[in-house]
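For reference, input32.cif is printed below; it contains mmCIF, C-alpha atoms and all ligand atoms.
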data_coords
#
loop_
_atom_site.label_atom_id
_atom_site.label_comp_id
_atom_site.auth_asym_id
_atom_site.auth_seq_id
_atom_site.Cartn_x
_atom_site.Cartn_y
_atom_site.Cartn_z
CA MET B 1 67.60 -33.32 121.19
CA TYR B 2 70.82 -31.97 119.73
CA GLN B 3 72.39 -32.68 116.39
CA ILE B 4 76.10 -33.46 116.61
CA SER B 5 77.15 -30.03 115.31
CA GLU B 6 74.94 -28.30 117.94
CA LEU B 7 76.36 -30.48 120.69
CA ALA B 8 79.90 -29.79 119.48
CA ASN B 9 79.20 -26.04 119.72
CA LEU B 10 77.70 -26.29 123.19
CA VAL B 11 80.63 -28.21 124.69
CA GLY B 12 83.40 -26.60 122.64
CA MET B 13 84.60 -29.85 121.11
CA SER B 14 85.06 -31.10 117.57
CA ARG B 15 82.67 -33.47 115.81
CA THR B 16 85.46 -36.06 115.56
CA ALA B 17 86.09 -35.89 119.30
CA LEU B 18 82.38 -36.46 120.00
CA LEU B 19 82.32 -39.47 117.68
CA TYR B 20 85.33 -40.81 119.58
CA TYR B 21 83.46 -40.29 122.87
CA GLU B 22 80.61 -42.23 121.34
CA LYS B 23 82.96 -45.02 120.27
CA LEU B 24 84.17 -45.29 123.86
CA GLY B 25 80.56 -45.50 125.00
CA LEU B 26 80.69 -42.23 126.91
CA ILE B 27 77.62 -40.88 125.04
CA LYS B 28 74.96 -42.65 123.02
CA GLY B 29 73.58 -40.97 119.89
CA GLN B 30 70.32 -42.10 118.27
CA ARG B 31 70.03 -42.28 114.51
CA LEU B 32 66.82 -40.73 113.20
CA ASP B 33 64.90 -42.04 110.16
CA ASN B 34 66.39 -39.21 108.11
CA GLY B 35 69.90 -40.52 108.96
CA TYR B 36 70.89 -37.66 111.36
CA ARG B 37 72.44 -38.51 114.72
CA VAL B 38 70.88 -36.81 117.70
CA TYR B 39 71.87 -36.58 121.37
CA THR B 40 69.88 -36.00 124.55
CA ASP B 41 70.37 -33.46 127.31
CA LEU B 42 71.82 -36.28 129.44
CA ASP B 43 74.56 -36.78 126.81
CA LEU B 44 75.32 -33.06 127.05
CA GLN B 45 75.59 -33.28 130.84
CA ARG B 46 77.72 -36.43 130.70
CA ILE B 47 80.16 -34.63 128.41
CA ARG B 48 80.34 -31.73 130.89
CA LEU B 49 80.98 -34.18 133.73
CA ILE B 50 83.70 -35.92 131.70
CA GLN B 51 85.29 -32.56 130.91
CA GLN B 52 85.56 -31.85 134.64
CA LEU B 53 87.07 -35.28 135.35
CA HIS B 54 89.44 -34.84 132.45
CA GLN B 55 90.64 -31.55 133.94
CA GLY B 56 91.34 -33.50 137.15
CA GLY B 57 93.85 -35.54 135.16
CA LEU B 58 91.83 -38.71 134.45
CA THR B 59 92.23 -40.38 131.07
CA LEU B 60 89.12 -40.91 128.93
CA LYS B 61 89.14 -44.62 129.78
CA GLU B 62 89.27 -43.80 133.48
CA CYS B 63 86.43 -41.28 133.00
CA ARG B 64 84.38 -44.03 131.41
CA ALA B 65 85.01 -46.38 134.35
CA PHE B 66 84.23 -43.49 136.67
CA LEU B 67 80.83 -43.00 134.98
CA ILE B 68 79.69 -46.57 134.86
CA GLU B 69 81.25 -47.98 138.06
CA LYS B 70 81.65 -46.93 141.68
CA MET B 71 84.42 -44.37 142.13
CA ASP B 72 87.85 -46.01 142.45
CA LYS B 73 89.28 -44.09 145.43
CA SER B 74 92.74 -45.60 145.17
CA LEU B 75 93.01 -44.35 141.59
CA ILE B 76 92.11 -40.83 142.66
CA GLU B 77 94.56 -41.00 145.56
CA ARG B 78 97.31 -42.14 143.21
CA ARG B 79 96.55 -39.31 140.79
CA LEU B 80 96.50 -36.83 143.63
CA SER B 81 99.94 -37.80 144.84
CA GLU B 82 101.30 -37.76 141.25
CA LEU B 83 99.88 -34.29 140.89
CA ASP B 84 101.44 -33.16 144.17
CA ILE B 85 104.87 -34.31 142.95
CA GLU B 86 104.33 -32.55 139.62
CA ILE B 87 103.27 -29.34 141.39
CA GLU B 88 106.35 -29.48 143.62
CA GLN B 89 108.63 -29.92 140.59
CA LYS B 90 106.87 -27.11 138.74
CA GLN B 91 107.13 -24.87 141.82
CA HIS B 92 110.84 -25.65 141.99
CA SER B 93 111.24 -24.73 138.30
CA ARG B 94 109.27 -21.57 138.88
CA ASP B 95 111.34 -20.59 141.91
CA LEU B 96 114.52 -21.13 139.92
CA LEU B 97 113.38 -19.00 136.98
CA ALA B 98 112.09 -16.30 139.34
CA SER B 99 115.34 -16.30 141.32
CA LEU B 100 117.38 -15.90 138.12
CA LEU B 101 115.34 -12.76 137.47
CA GLY B 102 115.97 -11.51 140.98
CA MET B 103 112.44 -12.34 142.19
CA GLY B 104 113.33 -15.08 144.62
CA ASP B 105 116.04 -16.84 146.59
CA GLU B 106 118.69 -18.34 144.35
CA LYS B 107 120.95 -19.33 147.24
CA ALA B 108 119.81 -22.97 147.43
CA TRP B 109 120.36 -23.37 143.71
CA HIS B 110 123.98 -22.15 143.92
CA GLU B 111 124.56 -24.28 147.02
CA ALA B 112 123.40 -27.43 145.24
CA LEU B 113 125.59 -26.72 142.21
CA ILE B 114 128.64 -25.90 144.34
CA ILE B 115 128.37 -29.45 145.73
CA ASN B 116 127.39 -31.27 142.52
CA ALA B 117 129.09 -29.35 139.70
CA PRO B 118 131.53 -26.80 141.23
CA ASP B 119 133.67 -26.13 138.14
CA ALA B 120 130.76 -25.92 135.67
CA HIS B 121 128.95 -23.66 138.13
CA LEU B 122 131.89 -21.25 138.39
CA ASP B 123 132.32 -21.20 134.60
CA TRP B 124 128.63 -20.47 134.20
CA ILE B 125 128.79 -17.51 136.64
CA LYS B 126 131.67 -16.07 134.61
CA GLN B 127 129.62 -16.62 131.47
CA GLN B 128 126.96 -14.35 133.01
CA GLY B 129 129.44 -11.45 133.02
CA PHE B 130 131.14 -11.77 136.43
CA ASN B 131 134.93 -11.50 136.39
CA GLU B 132 136.97 -14.17 138.17
CA ARG B 133 137.19 -12.27 141.45
CA GLU B 134 133.47 -11.57 141.61
CA ALA B 135 132.58 -15.09 140.44
CA LEU B 136 134.57 -16.54 143.36
CA ARG B 137 133.00 -14.06 145.77
CA LEU B 138 129.56 -14.94 144.45
CA LYS B 139 130.30 -18.61 144.96
CA TRP B 140 131.65 -18.22 148.50
CA LEU B 141 129.74 -15.24 149.77
CA SER B 142 126.67 -13.71 148.15
CA LYS B 143 125.27 -16.69 146.18
CA ASN B 144 123.11 -14.10 144.50
CA MET B 145 123.60 -12.70 141.01
CA THR B 146 121.17 -9.81 141.14
CA GLN B 147 122.08 -8.53 144.63
CA HIS B 148 125.78 -9.40 144.46
CA GLU B 149 127.12 -5.86 144.37
CA GLN B 150 125.03 -4.73 147.33
CA TYR B 151 126.00 -7.87 149.23
CA MET B 152 129.72 -7.26 148.65
CA ASN B 153 129.47 -3.58 149.60
CA ASP B 154 127.89 -4.60 152.90
CA PHE B 155 130.36 -7.42 153.37
CA MET B 156 133.34 -5.11 152.88
CA LYS B 157 131.75 -2.55 155.20
CA VAL B 158 131.78 -5.16 157.97
CA PHE B 159 135.39 -6.15 157.36
CA GLU B 160 136.92 -2.76 156.50
CA THR B 161 137.71 -1.90 160.11
CA LEU B 162 138.95 -5.40 161.00
CA THR B 163 142.58 -6.34 160.42
CA ARG B 164 142.21 -10.10 160.72
CA TRP B 165 140.09 -11.65 158.01
CA GLY B 166 140.40 -15.26 159.06
CA PRO B 167 141.17 -17.32 162.19
CA GLY B 168 144.81 -17.15 163.24
CA SER B 169 147.32 -15.46 165.54
CA GLU B 170 150.96 -14.50 165.74
CA ASP B 171 151.57 -17.62 167.88
CA GLU B 172 150.16 -19.90 165.17
CA THR B 173 152.29 -18.27 162.47
CA LEU B 174 155.41 -18.48 164.68
CA LYS B 175 154.71 -22.10 165.58
CA ALA B 176 154.53 -23.05 161.89
CA LEU B 177 157.67 -20.98 161.15
CA SER B 178 159.59 -22.83 163.87
CA THR B 179 159.14 -26.12 161.99
CA LEU B 180 160.66 -24.94 158.69
CA PRO B 181 163.59 -27.22 157.80
CA VAL B 182 165.75 -24.42 156.28
CA PRO B 183 165.42 -20.61 156.20
CA PRO B 184 163.72 -19.69 152.89
CA LYS B 185 165.08 -17.08 150.48
CA ASN B 186 162.04 -16.41 148.31
CA ILE B 187 158.65 -16.46 149.91
CA LEU B 188 155.23 -16.19 148.32
CA GLU B 189 152.30 -15.34 150.56
CA ILE B 190 148.90 -16.08 149.02
CA GLY B 191 145.70 -14.36 150.18
CA CYS B 192 147.62 -12.08 152.55
CA GLY B 193 144.63 -9.85 153.38
CA LYS B 194 145.80 -6.86 155.45
CA GLY B 195 149.03 -8.65 156.21
CA LEU B 196 149.06 -9.76 159.84
CA ALA B 197 150.94 -12.94 158.92
CA THR B 198 153.10 -10.96 156.46
CA LEU B 199 154.39 -8.90 159.35
CA VAL B 200 155.35 -12.01 161.34
CA LEU B 201 157.03 -13.54 158.30
CA ALA B 202 158.94 -10.34 157.58
CA ASN B 203 160.08 -9.99 161.20
CA ASN B 204 161.27 -13.56 161.42
CA LEU B 205 162.66 -14.42 157.98
CA SER B 206 165.39 -12.67 156.07
CA GLY B 207 164.21 -13.69 152.57
CA ASN B 208 162.17 -11.62 150.11
CA ILE B 209 158.43 -11.83 150.44
CA THR B 210 155.88 -11.42 147.65
CA SER B 211 152.41 -11.05 149.13
CA ILE B 212 149.44 -11.48 146.82
CA ASP B 213 145.76 -10.81 147.24
CA ASN B 214 143.06 -9.84 144.76
CA GLU B 215 141.58 -7.18 147.06
CA GLN B 216 143.40 -3.89 146.43
CA SER B 217 142.08 -2.21 149.61
CA ALA B 218 143.70 -4.98 151.69
CA LEU B 219 147.02 -4.50 149.88
CA ASP B 220 146.79 -0.74 150.49
CA SER B 221 146.44 -1.37 154.24
CA LEU B 222 149.32 -3.82 154.07
CA LYS B 223 151.56 -1.17 152.42
CA ILE B 224 150.73 1.41 155.09
CA MET B 225 151.45 -1.10 157.82
CA LEU B 226 154.77 -2.19 156.26
CA GLU B 227 155.91 1.41 155.90
CA SER B 228 155.04 2.24 159.48
CA GLU B 229 156.99 -0.85 160.62
CA GLY B 230 159.95 0.11 158.40
CA ILE B 231 159.96 -3.20 156.48
CA GLY B 232 158.46 -2.01 153.22
CA LYS B 233 161.44 -2.90 151.05
CA ARG B 234 161.56 -6.65 151.63
CA VAL B 235 157.86 -7.19 150.94
CA GLU B 236 156.30 -6.73 147.54
CA PRO B 237 152.49 -6.61 147.56
CA VAL B 238 151.00 -7.83 144.26
CA CYS B 239 147.36 -7.67 143.25
CA ALA B 240 146.79 -11.04 141.54
CA SER B 241 144.56 -14.05 141.67
CA MET B 242 145.71 -17.19 143.41
CA THR B 243 144.20 -19.17 140.54
CA ASP B 244 146.46 -17.58 137.95
CA LEU B 245 149.72 -16.57 139.56
CA PRO B 246 152.10 -14.52 137.41
CA PHE B 247 155.30 -16.35 138.44
CA GLU B 248 157.69 -18.79 136.82
CA ASP B 249 157.85 -22.41 137.96
CA LYS B 250 160.17 -23.07 140.92
CA SER B 251 160.32 -19.37 141.89
CA PHE B 252 159.76 -19.85 145.63
CA ASP B 253 161.18 -22.03 148.35
CA LEU B 254 158.29 -21.18 150.68
CA ILE B 255 154.58 -20.61 149.95
CA TRP B 256 152.45 -19.36 152.83
CA SER B 257 148.66 -19.28 152.75
CA GLU B 258 146.62 -18.60 155.87
CA ALA B 259 142.86 -19.08 155.56
CA SER B 260 142.78 -18.77 151.80
CA ALA B 261 143.57 -22.09 150.02
CA TYR B 262 139.89 -23.08 150.38
CA ILE B 263 138.95 -20.32 147.93
CA MET B 264 140.23 -22.29 144.96
CA GLY B 265 139.82 -25.62 146.74
CA VAL B 266 142.57 -27.20 148.83
CA GLU B 267 143.27 -30.08 146.43
CA THR B 268 143.49 -27.71 143.45
CA ALA B 269 145.78 -25.39 145.43
CA LEU B 270 148.02 -28.32 146.41
CA ALA B 271 148.35 -29.34 142.76
CA LYS B 272 148.70 -25.88 141.18
CA TRP B 273 151.01 -24.22 143.69
CA LYS B 274 153.39 -27.17 143.72
CA SER B 275 154.99 -26.18 140.42
CA LEU B 276 155.90 -22.75 141.86
CA LEU B 277 157.97 -24.40 144.58
CA THR B 278 161.63 -25.26 144.21
CA ASP B 279 162.63 -28.89 144.82
CA ASN B 280 162.09 -29.60 148.53
CA GLY B 281 160.26 -26.25 148.79
CA VAL B 282 157.75 -25.84 151.63
CA LEU B 283 154.04 -25.06 151.52
CA VAL B 284 152.29 -23.85 154.67
CA PHE B 285 148.52 -23.47 154.66
CA SER B 286 145.69 -23.37 157.19
CA ASP B 287 142.22 -24.74 156.66
CA LEU B 288 138.92 -25.32 158.42
CA VAL B 289 138.57 -28.98 159.49
CA LEU B 290 136.01 -31.26 161.07
CA LEU B 291 137.04 -32.66 164.42
CA ASN B 292 134.63 -35.63 164.28
CA GLN B 293 134.34 -38.28 161.61
CA THR B 294 130.56 -38.00 161.99
CA PRO B 295 129.58 -34.38 162.61
CA SER B 296 126.23 -33.47 164.15
CA LYS B 297 123.36 -32.73 161.75
CA ALA B 298 123.58 -29.00 162.52
CA VAL B 299 127.30 -28.82 161.75
CA LYS B 300 126.97 -30.92 158.61
CA GLU B 301 124.09 -28.80 157.30
CA PHE B 302 125.85 -25.53 158.07
CA TRP B 303 129.17 -26.39 156.42
CA ASP B 304 127.47 -28.17 153.49
CA LYS B 305 126.20 -24.72 152.64
CA ASP B 306 129.25 -22.63 153.51
CA TYR B 307 132.19 -24.97 152.94
CA PRO B 308 131.08 -28.26 151.38
CA ASP B 309 134.68 -29.41 150.89
CA ILE B 310 135.41 -29.31 154.64
CA GLN B 311 137.33 -32.47 155.62
CA THR B 312 138.67 -34.18 158.71
CA VAL B 313 142.40 -33.73 159.40
CA GLU B 314 142.88 -37.39 158.46
CA THR B 315 141.34 -36.90 155.00
CA ARG B 316 143.35 -33.73 154.35
CA ARG B 317 146.54 -35.57 155.31
CA LYS B 318 145.72 -38.29 152.77
CA GLN B 319 145.04 -35.68 150.07
CA ILE B 320 148.33 -33.94 150.89
CA THR B 321 150.32 -37.16 150.59
CA ALA B 322 148.50 -38.10 147.37
CA ALA B 323 149.39 -34.67 145.94
CA GLY B 324 153.11 -35.37 146.42
CA TYR B 325 154.01 -33.62 149.68
CA GLU B 326 155.53 -34.87 152.89
CA ILE B 327 153.93 -33.55 156.07
CA ILE B 328 156.57 -31.87 158.22
CA SER B 329 154.07 -30.94 160.92
CA ASP B 330 150.45 -30.04 161.42
CA PHE B 331 148.66 -28.65 164.42
CA GLN B 332 145.27 -27.41 165.53
CA PHE B 333 144.74 -23.68 166.16
CA SER B 334 144.33 -22.58 169.78
CA GLN B 335 141.10 -21.15 171.11
CA PHE B 336 142.85 -17.80 171.17
CA ALA B 337 143.40 -17.93 167.38
CA TRP B 338 139.66 -18.36 166.89
CA ASP B 339 138.64 -15.69 169.37
CA ASN B 340 141.16 -13.39 167.73
CA TYR B 341 138.96 -13.51 164.63
CA TYR B 342 135.43 -13.98 165.92
CA SER B 343 135.44 -11.66 168.96
CA PRO B 344 136.17 -8.44 167.01
CA LEU B 345 133.83 -9.66 164.25
CA LYS B 346 131.04 -10.23 166.78
CA LYS B 347 131.56 -6.74 168.18
CA ARG B 348 131.52 -5.29 164.67
CA VAL B 349 128.26 -6.97 163.58
CA GLU B 350 126.58 -5.87 166.81
CA GLU B 351 127.74 -2.31 166.19
CA LEU B 352 126.40 -2.32 162.61
CA ALA B 353 123.14 -4.19 163.31
CA PRO B 354 120.97 -1.09 163.98
CA THR B 355 121.96 0.61 160.70
CA MET B 356 122.10 -2.49 158.46
CA LYS B 357 118.88 -4.25 159.45
CA ASP B 358 118.04 -5.39 155.91
CA SER B 359 121.52 -6.48 154.92
CA THR B 360 121.76 -10.12 153.85
CA ALA B 361 125.54 -10.00 154.16
CA LEU B 362 125.27 -8.84 157.77
CA LYS B 363 122.71 -11.57 158.52
CA ASP B 364 124.98 -14.24 157.01
CA ILE B 365 128.04 -13.06 158.92
CA THR B 366 126.01 -12.81 162.14
CA SER B 367 124.74 -16.35 161.75
CA GLU B 368 128.26 -17.65 161.11
CA VAL B 369 129.48 -15.91 164.28
CA GLU B 370 126.57 -17.30 166.31
CA PHE B 371 127.11 -20.74 164.86
CA TYR B 372 130.75 -20.61 165.92
CA PHE B 373 129.92 -19.73 169.51
CA ASN B 374 127.39 -22.60 169.69
CA HIS B 375 129.20 -25.38 167.82
CA ASN B 376 132.94 -24.68 167.91
CA SER B 377 133.75 -27.95 169.70
CA GLU B 378 133.01 -29.81 166.45
CA TYR B 379 135.31 -28.00 164.06
CA GLY B 380 138.75 -26.46 164.13
CA TYR B 381 141.41 -24.76 162.07
CA GLN B 382 144.51 -26.75 161.20
CA MET B 383 147.92 -25.53 160.07
CA PHE B 384 149.80 -27.83 157.68
CA VAL B 385 153.54 -27.52 157.01
CA LEU B 386 154.48 -29.60 153.94
CA LYS B 387 157.57 -30.36 151.93
CA LYS B 388 157.33 -30.86 148.18
CA ILE B 389 158.71 -34.29 147.24
C1 LIG S 401 139.75 -15.38 154.77
S1 LIG S 401 140.73 -14.12 154.13
C2 LIG S 401 142.27 -14.40 154.92
C3 LIG S 401 143.17 -13.21 154.86
C4 LIG S 401 144.44 -13.30 155.66
N1 LIG S 401 145.28 -14.39 155.27
C5 LIG S 401 144.08 -13.39 157.13
O1 LIG S 401 144.22 -14.49 157.69
O2 LIG S 401 143.69 -12.35 157.69
C6 LIG S 401 141.00 -14.63 152.46
C7 LIG S 401 141.83 -13.68 151.64
O3 LIG S 401 141.95 -14.19 150.33
C8 LIG S 401 141.76 -13.13 149.41
N2 LIG S 401 141.31 -13.70 148.14
C9 LIG S 401 140.08 -14.14 147.81
N3 LIG S 401 140.06 -14.64 146.58
C10 LIG S 401 141.31 -14.52 146.11
C11 LIG S 401 141.94 -14.83 144.88
N4 LIG S 401 141.25 -15.40 143.88
N5 LIG S 401 143.24 -14.56 144.73
C12 LIG S 401 143.94 -13.97 145.72
N6 LIG S 401 143.43 -13.65 146.91
C13 LIG S 401 142.12 -13.92 147.10
C14 LIG S 401 140.74 -12.23 150.07
O4 LIG S 401 140.77 -10.92 149.53
C15 LIG S 401 141.21 -12.30 151.50
O5 LIG S 401 142.16 -11.32 151.77
#
Just give me the structure of the file as structure tokens.
Ligand SMILES: C[S@@+](CC[C@H](N)C(=O)[O-])C[C@H]1O[C@@H](n2cnc3c(N)ncnc32)[C@H](O)[C@@H]1O
Amino acid sequence: MYQISELANLVGMSRTALLYYEKLGLIKGQRLDNGYRVYTDLDLQRIRLIQQLHQGGLTLKECRAFLIEKMDKSLIERRLSELDIEIEQKQHSRDLLASLLGMGDEKAWHEALIINAPDAHLDWIKQQGFNEREALRLKWLSKNMTQHEQYMNDFMKVFETLTRWGPGSEDETLKALSTLPVPPKNILEIGCGKGLATLVLANNLSGNITSIDNEQSALDSLKIMLESEGIGKRVEPVCASMTDLPFEDKSFDLIWSEASAYIMGVETALAKWKSLLTDNGVLVFSDLVLLNQTPSKAVKEFWDKDYPDIQTVETRRKQITAAGYEIISDFQFSQFAWDNYYSPLKKRVEELAPTMKDSTALKDITSEVEFYFNHNSEYGYQMFVLKKI
């Protein structure tokens, strides 16, 4: 027989809690003639049993039913599935916290935010100490705050020997140029990269060209190329961000942007760049598009991660009209324009594979190249030639 204080000690509970157990009928004390309450060894064991059930997530009332009735299996099953959900949520929280400390994969977290809260997500990355350029690169490329620098070093290593940084060709640039209503005098090229389109523009237009990019090494290559072609004077390379262009309103009668408007979002680019155009000025841009209204699961999943704002040509046309432009022409890139980009890139990743086995950037680029060669019938690149109205 145990007095209540002894029992409390043995089971690690308070006297009040034991009296509550007694009130619920979980244990039954006997009052002795001297007024003390005493409990049997069976009470002690029942408390230990209840403690186990309690740890399994049952309430005290359920423990009571469990003790005096046959086990309610459906109740246990329900609790089990509730617990599974809770564990999954907790695991998710744990993964997130671990990934923010560089101990896990934070990619999925960025991907979800890029879809659900793109602007707040970008602001938050900047808040963590990344400048605008790196924040955009983190969003589009590394999706990793702790390994970002390494990722970008590897990424640039892949692209440093390649001149074309996006799908396109001289034919595509010339085709778009041939649809311009009037020869432009002041041209702004945005996201010029190493300047393959710049060269075509300079050779076929007599106006002044300002070419901007936020990657200085690309602008350095552009300068070398312009000098060797003898057209350095008419092109001014400027290191600036497309999101914050250092030019007065209505400064240009032509804006040209191959494979770069997506970086700040096509709709934002359409709205922001418009004020830089003179009345009736022309905007030419190219963008990745879906060729089917209902893409296959594989294509949807892939671009949801890499370019969630991908649209069909039809939807882009509607956005363009809604943004206050008239479509002069638009056309789909040829197979050659794609191969022009992916074939040298494929060769380059194969060449680097043996020495960059652990590189996430190389893996990502390789999987994009492979994806292209397996699914290219479902997506394309479209050039849009638009007049500001
Ligand atoms: C896909 S590449 C296309 C380059 C080039 N137009 C071509 O087709 O080869 C995108 C270009 O945009 C540049 N870029 C990225 N973010 C930028 C920003 N915020 N402002 C200006 N340029 C940016 C990159 O450095 C890169 O040169």
Item to complete: Throw together the list of residues within 7 Å of ligand LIG 401 (chain S), counting all atoms listed in the file, and drop it here as a PyMOL selection string.
Response: chain B and resi 133+136+163-168+190-197+212-215+218+240-243+257-260+263
Now that the selection is made, can you save its residues with C-alpha atoms as a PDB file, in the frame of the given file?
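Okay, part.pdb is ready:
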ATOM      1  CA  ARG B 133     137.190 -12.270 141.450  1.00  0.00           C
ATOM      2  CA  LEU B 136     134.570 -16.540 143.360  1.00  0.00           C
ATOM      3  CA  THR B 163     142.580  -6.340 160.420  1.00  0.00           C
ATOM      4  CA  ARG B 164     142.210 -10.100 160.720  1.00  0.00           C
ATOM      5  CA  TRP B 165     140.090 -11.650 158.010  1.00  0.00           C
ATOM      6  CA  GLY B 166     140.400 -15.260 159.060  1.00  0.00           C
ATOM      7  CA  PRO B 167     141.170 -17.320 162.190  1.00  0.00           C
ATOM      8  CA  GLY B 168     144.810 -17.150 163.240  1.00  0.00           C
ATOM      9  CA  ILE B 190     148.900 -16.080 149.020  1.00  0.00           C
ATOM     10  CA  GLY B 191     145.700 -14.360 150.180  1.00  0.00           C
ATOM     11  CA  CYS B 192     147.620 -12.080 152.550  1.00  0.00           C
ATOM     12  CA  GLY B 193     144.630  -9.850 153.380  1.00  0.00           C
ATOM     13  CA  LYS B 194     145.800  -6.860 155.450  1.00  0.00           C
ATOM     14  CA  GLY B 195     149.030  -8.650 156.210  1.00  0.00           C
ATOM     15  CA  LEU B 196     149.060  -9.760 159.840  1.00  0.00           C
ATOM     16  CA  ALA B 197     150.940 -12.940 158.920  1.00  0.00           C
ATOM     17  CA  ILE B 212     149.440 -11.480 146.820  1.00  0.00           C
ATOM     18  CA  ASP B 213     145.760 -10.810 147.240  1.00  0.00           C
ATOM     19  CA  ASN B 214     143.060  -9.840 144.760  1.00  0.00           C
ATOM     20  CA  GLU B 215     141.580  -7.180 147.060  1.00  0.00           C
ATOM     21  CA  ALA B 218     143.700  -4.980 151.690  1.00  0.00           C
ATOM     22  CA  ALA B 240     146.790 -11.040 141.540  1.00  0.00           C
ATOM     23  CA  SER B 241     144.560 -14.050 141.670  1.00  0.00           C
ATOM     24  CA  MET B 242     145.710 -17.190 143.410  1.00  0.00           C
ATOM     25  CA  THR B 243     144.200 -19.170 140.540  1.00  0.00           C
ATOM     26  CA  SER B 257     148.660 -19.280 152.750  1.00  0.00           C
ATOM     27  CA  GLU B 258     146.620 -18.600 155.870  1.00  0.00           C
ATOM     28  CA  ALA B 259     142.860 -19.080 155.560  1.00  0.00           C
ATOM     29  CA  SER B 260     142.780 -18.770 151.800  1.00  0.00           C
ATOM     30  CA  ILE B 263     138.950 -20.320 147.930  1.00  0.00           C
TER      31      ILE B 263
END
Discussion item. So that I can check the surroundings of range 117-127 of chain B, please list as a PyMOL selection string every protein, DNA and RNA residue that reaches within 12 Å of it, counting only C-alpha atoms and ignoring chain neighbours fewer than 3 positions away.
Written reply: chain B and resi 100+109-114+130-140+143-146+148+263-265+268+307-309
Item to complete: Would you list the contacts of Asp253 in chain B as a PyMOL selection string, taking every protein, DNA or RNA residue within 12 Å and counting only C-alpha atoms, but skipping same-chain residues closer than 3 positions in sequence?
Response: chain B and resi 180-189+207-210+249-250+256+273-284+386-388
Write out the residues from the selection above, keeping C-alpha atoms, as a PDB file, in the frame of the given file.
ATOM      1  CA  LEU B 180     160.660 -24.940 158.690  1.00  0.00           C
ATOM      2  CA  PRO B 181     163.590 -27.220 157.800  1.00  0.00           C
ATOM      3  CA  VAL B 182     165.750 -24.420 156.280  1.00  0.00           C
ATOM      4  CA  PRO B 183     165.420 -20.610 156.200  1.00  0.00           C
ATOM      5  CA  PRO B 184     163.720 -19.690 152.890  1.00  0.00           C
ATOM      6  CA  LYS B 185     165.080 -17.080 150.480  1.00  0.00           C
ATOM      7  CA  ASN B 186     162.040 -16.410 148.310  1.00  0.00           C
ATOM      8  CA  ILE B 187     158.650 -16.460 149.910  1.00  0.00           C
ATOM      9  CA  LEU B 188     155.230 -16.190 148.320  1.00  0.00           C
ATOM     10  CA  GLU B 189     152.300 -15.340 150.560  1.00  0.00           C
ATOM     11  CA  GLY B 207     164.210 -13.690 152.570  1.00  0.00           C
ATOM     12  CA  ASN B 208     162.170 -11.620 150.110  1.00  0.00           C
ATOM     13  CA  ILE B 209     158.430 -11.830 150.440  1.00  0.00           C
ATOM     14  CA  THR B 210     155.880 -11.420 147.650  1.00  0.00           C
ATOM     15  CA  ASP B 249     157.850 -22.410 137.960  1.00  0.00           C
ATOM     16  CA  LYS B 250     160.170 -23.070 140.920  1.00  0.00           C
ATOM     17  CA  TRP B 256     152.450 -19.360 152.830  1.00  0.00           C
ATOM     18  CA  TRP B 273     151.010 -24.220 143.690  1.00  0.00           C
ATOM     19  CA  LYS B 274     153.390 -27.170 143.720  1.00  0.00           C
ATOM     20  CA  SER B 275     154.990 -26.180 140.420  1.00  0.00           C
ATOM     21  CA  LEU B 276     155.900 -22.750 141.860  1.00  0.00           C
ATOM     22  CA  LEU B 277     157.970 -24.400 144.580  1.00  0.00           C
ATOM     23  CA  THR B 278     161.630 -25.260 144.210  1.00  0.00           C
ATOM     24  CA  ASP B 279     162.630 -28.890 144.820  1.00  0.00           C
ATOM     25  CA  ASN B 280     162.090 -29.600 148.530  1.00  0.00           C
ATOM     26  CA  GLY B 281     160.260 -26.250 148.790  1.00  0.00           C
ATOM     27  CA  VAL B 282     157.750 -25.840 151.630  1.00  0.00           C
ATOM     28  CA  LEU B 283     154.040 -25.060 151.520  1.00  0.00           C
ATOM     29  CA  VAL B 284     152.290 -23.850 154.670  1.00  0.00           C
ATOM     30  CA  LEU B 386     154.480 -29.600 153.940  1.00  0.00           C
ATOM     31  CA  LYS B 387     157.570 -30.360 151.930  1.00  0.00           C
ATOM     32  CA  LYS B 388     157.330 -30.860 148.180  1.00  0.00           C
TER      33      LYS B 388
END
Worksheet item: So how many Å separate CA of Thr161 in chain B and CA of Lys175 in chain B, to one decimal?
Response: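 Computed distance, CA of Thr161 in chain B to CA of Lys175 in chain B, equals 27.0 Å.
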Discussion item. Rounded to one decimal, what separation in Å do you get between CA of Pro354 in chain B and CA of Ala108 in chain B?
Written reply: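 Atom-to-atom, CA of Pro354 in chain B to CA of Ala108 in chain B, that is 27.5 Å.
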Item to complete: Quote the spacing between CA of Asp154 in chain B and CA of Asn116 in chain B in Å to one decimal place.
Response: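 Spanning CA of Asp154 in chain B to CA of Asn116 in chain B is a straight-line distance of 28.6 Å.
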Worksheet entry | Option closest in space to Asp304 in chain B, from B:Leu162, B:Leu290, B:Met71, B:Lys223 [counting only C-alpha atoms] | B:Leu290
Practice prompt. Tell me which of B:Leu199, B:Phe384, B:Lys157, B:Ser206 sits closest to Ala261 in chain B, counting all atoms listed in the file.
Written response: B:Phe384
Discussion item. Nearest residue to Val289 in chain B out of B:Tyr379, B:Ala322, B:Leu75, B:Val235, using only C-alpha atoms?
Written reply: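 Smallest distance to Val289 in chain B is found for B:Tyr379.
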Using the file's own x, y and z axes, what box holds all listed atoms of range 366-371 of chain B with 6 Å on each side, keeping edges along x, y and z, and what are its centre and edge lengths in Å to one decimal, as lines of an AutoDock Vina configuration file?
center_x = 127.1
center_y = -16.8
center_z = 163.7
size_x = 16.7
size_y = 19.9
size_z = 17.2
